[in-house]
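Peer 1: One structure, pasted below without further comment.
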Amino acid sequence: MNSHFWYLGSVYSRCPEGIEAAFVTACKVAARFIKAGIPVFSPIAQSHPVALHGGIDPLSHDIWLPADRPMMDAACGIIVVRMEGWEESVGIAHEIAVFKAAGKPVLYVDP
């Protein structure tokens, strides 16, 4: 599969300012890439409002990791946003491991 978008890994539950701040930062970083002509999929930008308005636990790895997996499989690589807490994030560690196992690039960017 020739994917033309990047998966944007960013902190959520480990964000010191809370999940709403994590959501806003993910959206702003995604917008920067999209404005630059680099398509990205941000699972935080997509799942945060879905969780809050759909009655789903926004912090459940049991729900969100499997839900995000098809996008990880389809993406050409991951761009990890080095927000405070990213190195302690279980979700980001999982995402990086999935991309490395698939032989896909893992890039890092500051927010």
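Starting from 1 in every chain, residues are counted up; chains themselves are A, B, ... following the order of the structure tokens, and ligands are numbered from 1 as listed.
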Could you list, as a short mmCIF file (atom, residue, chain, number, x, y, z; two decimals) with C-alpha atoms, in the first residue's frame, every residue within 12 Å of Ile63 (chain A), counting only C-alpha atoms and ignoring same-chain residues fewer than 5 positions away?

Peer 2:
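Output file selection.cif is given in full below:
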data_model
loop_
_atom_site.label_atom_id
_atom_site.label_comp_id
_atom_site.auth_asym_id
_atom_site.auth_seq_id
_atom_site.Cartn_x
_atom_site.Cartn_y
_atom_site.Cartn_z
CA SER A 47 -10.66 10.67 19.16
CA ALA A 51 -14.83 10.22 23.24
CA ILE A 56 -16.37 6.71 25.49
CA ASP A 57 -13.58 6.68 28.08
CA PRO A 58 -10.97 8.98 26.50
CA ASP A 68 -6.16 3.58 15.93
CA ARG A 69 -4.40 0.48 14.59
CA GLY A 91 0.42 5.07 23.94
#

Peer 1: Using only C-alpha atoms, which residues sit within 8 Å of region 81-88 of chain A once same-chain residues fewer than 3 positions away are excluded, as a PDB file with C-alpha atoms, in the first residue's frame?

Peer 2:
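Just written: part_39.pdb:
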ATOM      1  CA  LEU A   8       0.902  12.066  14.331  1.00  0.00           C
ATOM      2  CA  GLY A   9       1.761  10.648  17.756  1.00  0.00           C
ATOM      3  CA  SER A  10       1.227  13.076  20.615  1.00  0.00           C
ATOM      4  CA  VAL A  11       0.794  13.021  24.377  1.00  0.00           C
ATOM      5  CA  ARG A  14       0.446  12.286  30.234  1.00  0.00           C
ATOM      6  CA  CYS A  15      -0.004  15.949  29.271  1.00  0.00           C
ATOM      7  CA  PRO A  16       0.727  17.975  32.435  1.00  0.00           C
ATOM      8  CA  ILE A  92       3.354   6.728  22.173  1.00  0.00           C
ATOM      9  CA  ALA A  93       5.688   3.877  23.176  1.00  0.00           C
ATOM     10  CA  TYR A 108      10.371  13.519  15.875  1.00  0.00           C
ATOM     11  CA  VAL A 109       9.216  17.136  15.969  1.00  0.00           C
ATOM     12  CA  ASP A 110       8.973  19.760  18.665  1.00  0.00           C
ATOM     13  CA  PRO A 111       5.500  21.227  19.253  1.00  0.00           C
TER      14      PRO A 111
END

Peer 1: Taking only region 2-110 of chain A into account, list the residues labelled helix (DSSP H, G or I) by DSSP (computed from the backbone), as number ranges by chain.

Peer 2: A: 19-35, 43-54, 61-74, 86-88, 90-101

Peer 1: Which is closest to Val24 (chain A) among A:Pro49, A:Pro66, A:Gly55, A:Gly103, if we use only C-alpha atoms?

Peer 2: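 Ranked by minimum distance to Val24 (chain A), first place goes to A:Pro49.
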